[in-house]
file input_20.cif (mmCIF, C-alpha atoms and all ligand atoms)
data_coords
#
loop_
_atom_site.label_atom_id
_atom_site.label_comp_id
_atom_site.auth_asym_id
_atom_site.auth_seq_id
_atom_site.Cartn_x
_atom_site.Cartn_y
_atom_site.Cartn_z
CA MET A 1 0.00 0.00 0.00
CA ALA A 2 1.20 3.49 -0.76
CA GLN A 3 1.82 6.06 1.97
CA GLN A 4 -1.02 8.35 2.85
CA ASP A 5 -1.02 11.51 0.77
CA THR A 6 -1.66 13.56 3.88
CA ASP A 7 0.62 14.30 6.82
CA GLN A 8 0.85 11.34 9.13
CA PRO A 9 1.06 11.98 12.86
CA VAL A 10 4.27 10.52 14.26
CA ASN A 11 4.35 9.67 17.93
CA ASP A 12 7.05 7.20 18.87
CA GLU A 13 6.43 7.77 22.58
CA SER A 14 3.07 6.00 22.56
CA ASN A 15 4.75 2.75 21.63
CA GLU A 16 3.22 0.64 24.34
CA SER A 17 2.27 -2.86 23.43
CA THR A 18 -1.38 -3.67 23.90
CA ALA A 19 -1.09 -7.05 22.22
CA SER A 20 -2.60 -9.94 24.10
CA GLY A 21 -0.96 -13.33 23.80
CA GLU A 22 -3.05 -14.18 20.77
CA PHE A 23 -1.36 -11.62 18.52
CA ILE A 24 2.27 -11.14 17.54
CA VAL A 25 4.11 -8.07 18.82
CA ASP A 26 5.17 -6.21 15.67
CA THR A 27 5.91 -2.83 17.29
CA GLU A 28 9.28 -3.60 18.90
CA ASP A 29 12.75 -3.14 17.31
CA CYS A 30 11.04 -1.97 14.13
CA GLU A 31 13.96 0.02 12.82
CA ALA A 32 16.51 -2.78 13.30
CA ARG A 33 14.26 -5.51 11.94
CA GLU A 34 13.27 -3.56 8.83
CA LEU A 35 16.90 -2.60 8.19
CA ALA A 36 18.15 -6.19 8.55
CA HIS A 37 15.60 -7.44 6.03
CA ARG A 38 16.25 -4.83 3.39
CA GLU A 39 20.04 -5.02 3.75
CA ARG A 40 19.88 -8.73 2.92
CA GLY A 41 17.40 -8.08 0.11
CA THR A 42 17.50 -6.78 -3.44
CA SER A 43 15.00 -4.17 -4.53
CA ARG A 44 12.88 -5.19 -7.51
CA PRO A 45 10.60 -3.15 -9.79
CA ILE A 46 6.88 -2.99 -8.97
CA THR A 47 4.20 -4.57 -11.16
CA VAL A 48 1.31 -2.27 -12.08
CA VAL A 49 -2.41 -2.66 -12.81
CA GLY A 50 -2.90 -4.73 -15.98
CA ASN A 51 -0.08 -7.17 -15.18
CA PRO A 52 -1.76 -10.63 -14.97
CA VAL A 53 0.11 -11.57 -11.77
CA LEU A 54 -1.92 -8.91 -9.92
CA HIS A 55 -5.30 -10.12 -11.13
CA LYS A 56 -5.41 -13.73 -9.99
CA GLU A 57 -5.18 -15.49 -6.66
CA CYS A 58 -1.58 -16.26 -5.66
CA LYS A 59 -0.42 -19.75 -4.75
CA ASP A 60 -0.22 -20.94 -1.17
CA VAL A 61 3.30 -21.13 0.22
CA THR A 62 4.20 -24.73 1.09
CA GLU A 63 8.02 -24.52 1.37
CA PHE A 64 9.31 -22.58 4.36
CA ASP A 65 12.88 -22.46 3.17
CA GLU A 66 15.78 -20.13 2.44
CA LYS A 67 14.11 -19.02 -0.80
CA LEU A 68 11.09 -17.78 1.13
CA ALA A 69 13.34 -15.87 3.55
CA GLN A 70 15.12 -14.27 0.59
CA LEU A 71 11.79 -13.32 -1.00
CA ILE A 72 10.74 -11.57 2.22
CA ASP A 73 14.08 -9.70 2.33
CA ASP A 74 13.65 -8.64 -1.31
CA MET A 75 10.12 -7.46 -0.53
CA PHE A 76 11.34 -5.28 2.34
CA ALA A 77 14.03 -3.81 0.06
CA SER A 78 11.45 -3.14 -2.67
CA GLN A 79 8.95 -1.68 -0.21
CA ARG A 80 11.58 0.78 1.01
CA THR A 81 12.63 1.83 -2.51
CA ALA A 82 9.01 2.49 -3.42
CA GLU A 83 8.33 4.16 -0.04
CA GLY A 84 5.40 1.84 0.57
CA VAL A 85 3.77 0.85 3.85
CA GLY A 86 2.86 -2.64 2.63
CA LEU A 87 3.85 -4.90 -0.25
CA ALA A 88 2.45 -8.19 -1.57
CA ALA A 89 4.67 -10.72 -3.39
CA ASN A 90 2.79 -10.37 -6.68
CA GLN A 91 3.73 -6.69 -6.65
CA ILE A 92 7.27 -7.81 -7.43
CA GLY A 93 6.00 -10.47 -9.82
CA VAL A 94 6.07 -13.48 -7.48
CA ASP A 95 2.95 -15.66 -7.47
CA LEU A 96 2.99 -16.62 -3.77
CA LYS A 97 0.86 -15.68 -0.76
CA VAL A 98 3.21 -13.45 1.23
CA PHE A 99 3.05 -9.83 2.26
CA VAL A 100 5.27 -7.49 4.26
CA TYR A 101 4.39 -4.23 6.00
CA ASP A 102 6.01 -1.22 7.63
CA CYS A 103 2.98 0.78 8.56
CA PRO A 104 1.87 3.25 11.23
CA ASP A 105 -1.51 2.94 12.90
CA ASP A 106 -3.71 5.93 13.68
CA GLU A 107 -1.82 6.48 16.95
CA GLY A 108 1.44 6.83 15.01
CA VAL A 109 2.79 3.51 16.29
CA ARG A 110 4.94 1.73 13.70
CA HIS A 111 4.24 -1.92 12.84
CA VAL A 112 6.82 -4.03 10.94
CA GLY A 113 6.30 -7.64 9.93
CA HIS A 114 5.44 -10.25 7.34
CA VAL A 115 2.79 -12.94 6.96
CA VAL A 116 2.54 -16.03 4.79
CA ASN A 117 -0.79 -17.45 3.56
CA PRO A 118 -2.84 -14.68 5.21
CA VAL A 119 -6.59 -14.97 5.80
CA LEU A 120 -8.70 -12.16 7.26
CA ASP A 121 -11.03 -12.91 10.16
CA GLU A 122 -14.69 -12.29 9.50
CA LEU A 123 -15.58 -9.45 11.84
CA PRO A 124 -18.58 -9.55 14.15
CA ALA A 125 -21.06 -6.79 13.25
CA ASP A 126 -20.12 -4.68 16.29
CA ARG A 127 -16.48 -4.49 15.12
CA ARG A 128 -17.36 -3.48 11.56
CA ILE A 129 -16.98 0.26 11.91
CA LEU A 130 -16.23 1.68 8.49
CA ASP A 131 -13.50 4.24 8.02
CA ASP A 132 -13.74 6.21 4.78
CA SER A 133 -10.12 7.29 4.30
CA ASN A 134 -7.92 7.78 1.28
CA GLU A 135 -6.07 4.77 -0.05
CA GLY A 136 -3.28 4.35 -2.57
CA CYS A 137 -1.34 1.42 -4.04
CA LEU A 138 2.21 1.10 -5.36
CA SER A 139 0.70 -0.85 -8.28
CA VAL A 140 -1.57 2.08 -9.16
CA PRO A 141 1.16 4.73 -8.95
CA THR A 142 0.29 8.34 -8.08
CA ALA A 143 -3.45 7.65 -7.66
CA TYR A 144 -5.54 7.96 -4.49
CA ALA A 145 -9.21 7.39 -3.76
CA ALA A 146 -11.44 7.29 -0.71
CA LEU A 147 -12.50 3.77 0.17
CA ALA A 148 -14.59 2.65 3.15
CA ARG A 149 -13.11 -0.29 5.05
CA PRO A 150 -13.51 -1.63 8.59
CA ASP A 151 -11.16 0.20 10.99
CA TYR A 152 -10.17 -3.08 12.64
CA ALA A 153 -8.67 -6.23 11.12
CA VAL A 154 -7.19 -9.53 12.20
CA VAL A 155 -5.06 -11.57 9.79
CA ARG A 156 -4.08 -15.17 10.49
CA GLY A 157 -1.36 -17.04 8.66
CA GLN A 158 2.17 -18.25 9.20
CA ASP A 159 5.59 -16.73 9.69
CA MET A 160 8.56 -17.57 7.44
CA HIS A 161 9.26 -20.67 9.51
CA GLY A 162 5.72 -22.00 9.17
CA ASN A 163 4.63 -21.13 12.71
CA PRO A 164 1.01 -19.98 13.02
CA ILE A 165 0.65 -16.23 13.71
CA ALA A 166 -2.11 -13.69 14.06
CA ILE A 167 -1.78 -9.94 13.48
CA GLU A 168 -4.19 -7.34 14.83
CA GLY A 169 -4.52 -3.88 13.30
CA THR A 170 -6.53 -0.73 13.82
CA GLY A 171 -7.07 2.38 11.72
CA TYR A 172 -4.63 2.89 8.86
CA PHE A 173 -2.80 -0.34 9.73
CA ALA A 174 -6.08 -2.30 9.59
CA ARG A 175 -6.58 -0.81 6.12
CA CYS A 176 -3.10 -2.02 5.14
CA LEU A 177 -3.75 -5.59 6.35
CA GLN A 178 -6.95 -5.72 4.28
CA HIS A 179 -5.33 -4.10 1.22
CA GLU A 180 -2.40 -6.55 1.16
CA THR A 181 -4.57 -9.63 1.74
CA ASP A 182 -6.76 -8.45 -1.17
CA HIS A 183 -3.65 -8.33 -3.39
CA LEU A 184 -2.87 -11.99 -2.73
CA ASN A 185 -6.45 -12.91 -3.63
CA GLY A 186 -6.04 -11.09 -6.95
CA TYR A 187 -7.78 -7.80 -6.11
CA LEU A 188 -6.60 -4.20 -6.17
CA TYR A 189 -8.28 -1.52 -4.08
CA ILE A 190 -9.55 0.08 -7.30
CA ASP A 191 -11.60 -3.10 -7.87
CA ARG A 192 -13.63 -2.07 -4.78
CA LEU A 193 -14.36 1.44 -6.10
CA SER A 194 -17.38 2.63 -8.04
CA LYS A 195 -16.92 2.63 -11.81
CA ARG A 196 -16.48 6.38 -11.77
CA ASP A 197 -13.93 6.45 -8.94
CA ARG A 198 -11.99 3.59 -10.53
CA LYS A 199 -11.84 5.50 -13.81
CA ASP A 200 -10.68 8.58 -11.96
CA ALA A 201 -7.90 6.62 -10.20
CA LEU A 202 -6.70 5.22 -13.53
CA ARG A 203 -6.71 8.74 -14.96
CA GLN A 204 -4.58 9.97 -12.02
CA MET A 205 -2.18 7.11 -12.71
CA ALA A 206 -2.01 7.91 -16.43
CA GLU A 207 -1.23 11.55 -15.67
CA GLY A 208 1.41 10.85 -13.00
CA THR A 209 4.96 9.50 -13.02
CA PRO A 210 5.94 6.84 -10.47
CA ARG A 211 8.89 7.77 -8.23
CA TYR A 212 10.19 4.16 -8.27
CA PRO A 213 10.98 1.51 -10.91
CA VAL A 214 7.95 -0.29 -12.33
CA VAL A 215 7.54 -3.29 -14.66
CA ALA A 216 6.20 -2.09 -18.01
CA ASN A 217 3.06 -3.90 -19.15
CA ASP A 218 3.11 -5.53 -22.60
ZN ZN A 301 -1.37 -2.26 -3.19
#
call {"tool": "encode", "arguments": {"input": "input_20.cif", "output": "structure tokens"}}
result
Amino acid sequence: MAQQDTDQPVNDESNESTASGEFIVDTEDCEARELAHRERGTSRPITVVGNPVLHKECKDVTEFDEKLAQLIDDMFASQRTAEGVGLAANQIGVDLKVFVYDCPDDEGVRHVGHVVNPVLDELPADRRILDDSNEGCLSVPTAYAALARPDYAVVRGQDMHGNPIAIEGTGYFARCLQHETDHLNGYLYIDRLSKRDRKDALRQMAEGTPRYPVVAND
């Protein structure tokens, strides 16, 4: 997911963990963990809307090996180059269910992590509070559109070693978890827009120039 196009509040002091045992802690040592990944990784160009790899469901990961670890490192490197807050494997052309994130929540707390084979929890009705904020995507460069999504999300999947994990997000980070899971199921956020808003986003993309390397479509 692309960074917000508005100023993001930054508040590193409020970095207290509220995670219960059920959810991973992804708010500690963020700087060191993100740096270690991207230093081992190689940045790759980003696929854009129209590339078939973005428009079909990715394959489940079944091998939790060195290649998967390298993919995750490359994704962190690519995410940093493109200044993204989340990146799915098919956005660097890899047809596997993995995403990485480096994303602030609405309190300005930074979350860094990865998840393999993610599935979103169905939310009970009382947790489905829609937040109608702007959203952007590295694969739809320079475009933004308002999109209503629940302001709370839980993703379950595995870590790079195959251990089961669950990630909890609120606000902008909840949006990111939903956006990246959508990618791996073959959907872009513009697929959730009205016809008119989708057309407008594609027009913004056509008129803009990405600030990072992209894969040209045939
Ligand atoms: Zn995206």
call {"tool": "atom_distance", "arguments": {"input": "input_20.cif", "atom1": "atom CA of A:Tyr152", "atom2": "atom CA of A:Leu188"}}
result
19.2 Å
call {"tool": "residues_around", "arguments": {"input": "input_20.cif", "residues": "A:His161", "least_positions_apart": "5", "cutoff": "9 Å", "atoms": "only C-alpha atoms", "output": "ChimeraX atom specification"}}
result
/A:64-65,69
call {"tool": "atom_distance", "arguments": {"input": "input_20.cif", "atom1": "atom CA of A:Pro45", "atom2": "atom CA of A:Glu66"}}
result
21.6 Å
call {"tool": "atom_distance", "arguments": {"input": "input_20.cif", "atom1": "atom CA of A:Ala32", "atom2": "atom CA of A:Asp74"}}
result
16.0 Å
call {"tool": "residues_near_ligand", "arguments": {"input": "input_20.cif", "ligand": "ligand ZN 301 (chain A)", "cutoff": "12 Å", "atoms": "only C-alpha atoms and all ligand atoms", "output": "ChimeraX atom specification"}}
result
/A:1-3,46-49,54-55,79,82,84-92,99-101,135-144,175-191
call {"tool": "residues_around", "arguments": {"input": "input_20.cif", "residues": "A:Asp126", "least_positions_apart": "4", "cutoff": "12 Å", "atoms": "all atoms listed in the file", "output": "ChimeraX atom specification"}}
result
/A:122,130,150-152
call {"tool": "build_atoms", "arguments": {"input": "input_20.cif", "residues": "stretch 39-50 of chain A", "atoms": "all heavy atoms", "output": "mmCIF file, in the frame of the given file"}}
result
data_model
loop_
_atom_site.group_PDB
_atom_site.id
_atom_site.type_symbol
_atom_site.label_atom_id
_atom_site.label_comp_id
_atom_site.auth_asym_id
_atom_site.auth_seq_id
_atom_site.Cartn_x
_atom_site.Cartn_y
_atom_site.Cartn_z
ATOM 1 N N GLU A 39 18.607 -4.921 4.058
ATOM 2 C CA GLU A 39 20.040 -5.020 3.750
ATOM 3 C C GLU A 39 20.397 -6.371 3.155
ATOM 4 O O GLU A 39 21.339 -6.485 2.370
ATOM 5 C CB GLU A 39 20.878 -4.743 5.000
ATOM 6 C CG GLU A 39 20.934 -3.253 5.292
ATOM 7 C CD GLU A 39 21.966 -2.884 6.349
ATOM 8 O OE1 GLU A 39 22.336 -3.761 7.173
ATOM 9 O OE2 GLU A 39 22.379 -1.727 6.366
ATOM 10 N N ARG A 40 19.656 -7.406 3.522
ATOM 11 C CA ARG A 40 19.880 -8.730 2.920
ATOM 12 C C ARG A 40 19.196 -8.849 1.562
ATOM 13 O O ARG A 40 19.476 -9.756 0.794
ATOM 14 C CB ARG A 40 19.322 -9.830 3.840
ATOM 15 C CG ARG A 40 20.108 -10.047 5.126
ATOM 16 C CD ARG A 40 19.592 -11.291 5.855
ATOM 17 N NE ARG A 40 18.175 -11.182 6.205
ATOM 18 C CZ ARG A 40 17.725 -10.861 7.428
ATOM 19 N NH1 ARG A 40 18.582 -10.625 8.412
ATOM 20 N NH2 ARG A 40 16.437 -10.786 7.672
ATOM 21 N N GLY A 41 18.243 -7.946 1.297
ATOM 22 C CA GLY A 41 17.400 -8.080 0.110
ATOM 23 C C GLY A 41 17.875 -7.256 -1.064
ATOM 24 O O GLY A 41 18.761 -6.411 -0.946
ATOM 25 N N THR A 42 17.266 -7.518 -2.199
ATOM 26 C CA THR A 42 17.500 -6.780 -3.440
ATOM 27 C C THR A 42 16.180 -6.158 -3.861
ATOM 28 O O THR A 42 15.162 -6.859 -3.953
ATOM 29 C CB THR A 42 17.990 -7.728 -4.556
ATOM 30 O OG1 THR A 42 19.167 -8.398 -4.100
ATOM 31 C CG2 THR A 42 18.302 -6.955 -5.829
ATOM 32 N N SER A 43 16.209 -4.863 -4.118
ATOM 33 C CA SER A 43 15.000 -4.170 -4.530
ATOM 34 C C SER A 43 14.631 -4.547 -5.955
ATOM 35 O O SER A 43 15.491 -4.614 -6.828
ATOM 36 C CB SER A 43 15.249 -2.658 -4.430
ATOM 37 O OG SER A 43 14.088 -1.961 -4.783
ATOM 38 N N ARG A 44 13.355 -4.809 -6.167
ATOM 39 C CA ARG A 44 12.880 -5.190 -7.510
ATOM 40 C C ARG A 44 11.792 -4.214 -7.963
ATOM 41 O O ARG A 44 11.098 -3.615 -7.141
ATOM 42 C CB ARG A 44 12.295 -6.597 -7.468
ATOM 43 C CG ARG A 44 13.276 -7.638 -6.913
ATOM 44 C CD ARG A 44 12.837 -9.008 -7.352
ATOM 45 N NE ARG A 44 13.134 -10.019 -6.349
ATOM 46 C CZ ARG A 44 12.588 -11.228 -6.347
ATOM 47 N NH1 ARG A 44 11.681 -11.563 -7.257
ATOM 48 N NH2 ARG A 44 12.913 -12.104 -5.418
ATOM 49 N N PRO A 45 11.629 -4.064 -9.288
ATOM 50 C CA PRO A 45 10.600 -3.150 -9.790
ATOM 51 C C PRO A 45 9.190 -3.650 -9.469
ATOM 52 O O PRO A 45 8.965 -4.845 -9.275
ATOM 53 C CB PRO A 45 10.844 -3.116 -11.305
ATOM 54 C CG PRO A 45 11.648 -4.337 -11.603
ATOM 55 C CD PRO A 45 12.403 -4.691 -10.360
ATOM 56 N N ILE A 46 8.257 -2.717 -9.411
ATOM 57 C CA ILE A 46 6.880 -2.990 -8.970
ATOM 58 C C ILE A 46 5.975 -3.235 -10.184
ATOM 59 O O ILE A 46 5.997 -2.474 -11.154
ATOM 60 C CB ILE A 46 6.351 -1.768 -8.168
ATOM 61 C CG1 ILE A 46 7.296 -1.414 -6.999
ATOM 62 C CG2 ILE A 46 4.925 -2.008 -7.687
ATOM 63 C CD1 ILE A 46 7.413 -2.472 -5.920
ATOM 64 N N THR A 47 5.192 -4.291 -10.109
ATOM 65 C CA THR A 47 4.200 -4.570 -11.160
ATOM 66 C C THR A 47 3.032 -3.593 -11.010
ATOM 67 O O THR A 47 2.704 -3.171 -9.893
ATOM 68 C CB THR A 47 3.679 -6.006 -11.069
ATOM 69 O OG1 THR A 47 3.163 -6.231 -9.746
ATOM 70 C CG2 THR A 47 4.787 -7.023 -11.354
ATOM 71 N N VAL A 48 2.417 -3.238 -12.127
ATOM 72 C CA VAL A 48 1.310 -2.270 -12.080
ATOM 73 C C VAL A 48 0.041 -2.866 -12.689
ATOM 74 O O VAL A 48 0.083 -3.879 -13.402
ATOM 75 C CB VAL A 48 1.675 -0.939 -12.772
ATOM 76 C CG1 VAL A 48 2.840 -0.266 -12.063
ATOM 77 C CG2 VAL A 48 1.989 -1.141 -14.240
ATOM 78 N N VAL A 49 -1.086 -2.209 -12.375
ATOM 79 C CA VAL A 49 -2.410 -2.660 -12.810
ATOM 80 C C VAL A 49 -2.374 -3.045 -14.296
ATOM 81 O O VAL A 49 -1.799 -2.330 -15.103
ATOM 82 C CB VAL A 49 -3.489 -1.600 -12.506
ATOM 83 C CG1 VAL A 49 -3.167 -0.245 -13.111
ATOM 84 C CG2 VAL A 49 -4.864 -2.061 -12.955
ATOM 85 N N GLY A 50 -2.938 -4.196 -14.615
ATOM 86 C CA GLY A 50 -2.900 -4.730 -15.980
ATOM 87 C C GLY A 50 -1.954 -5.922 -16.092
ATOM 88 O O GLY A 50 -2.130 -6.778 -16.957
#
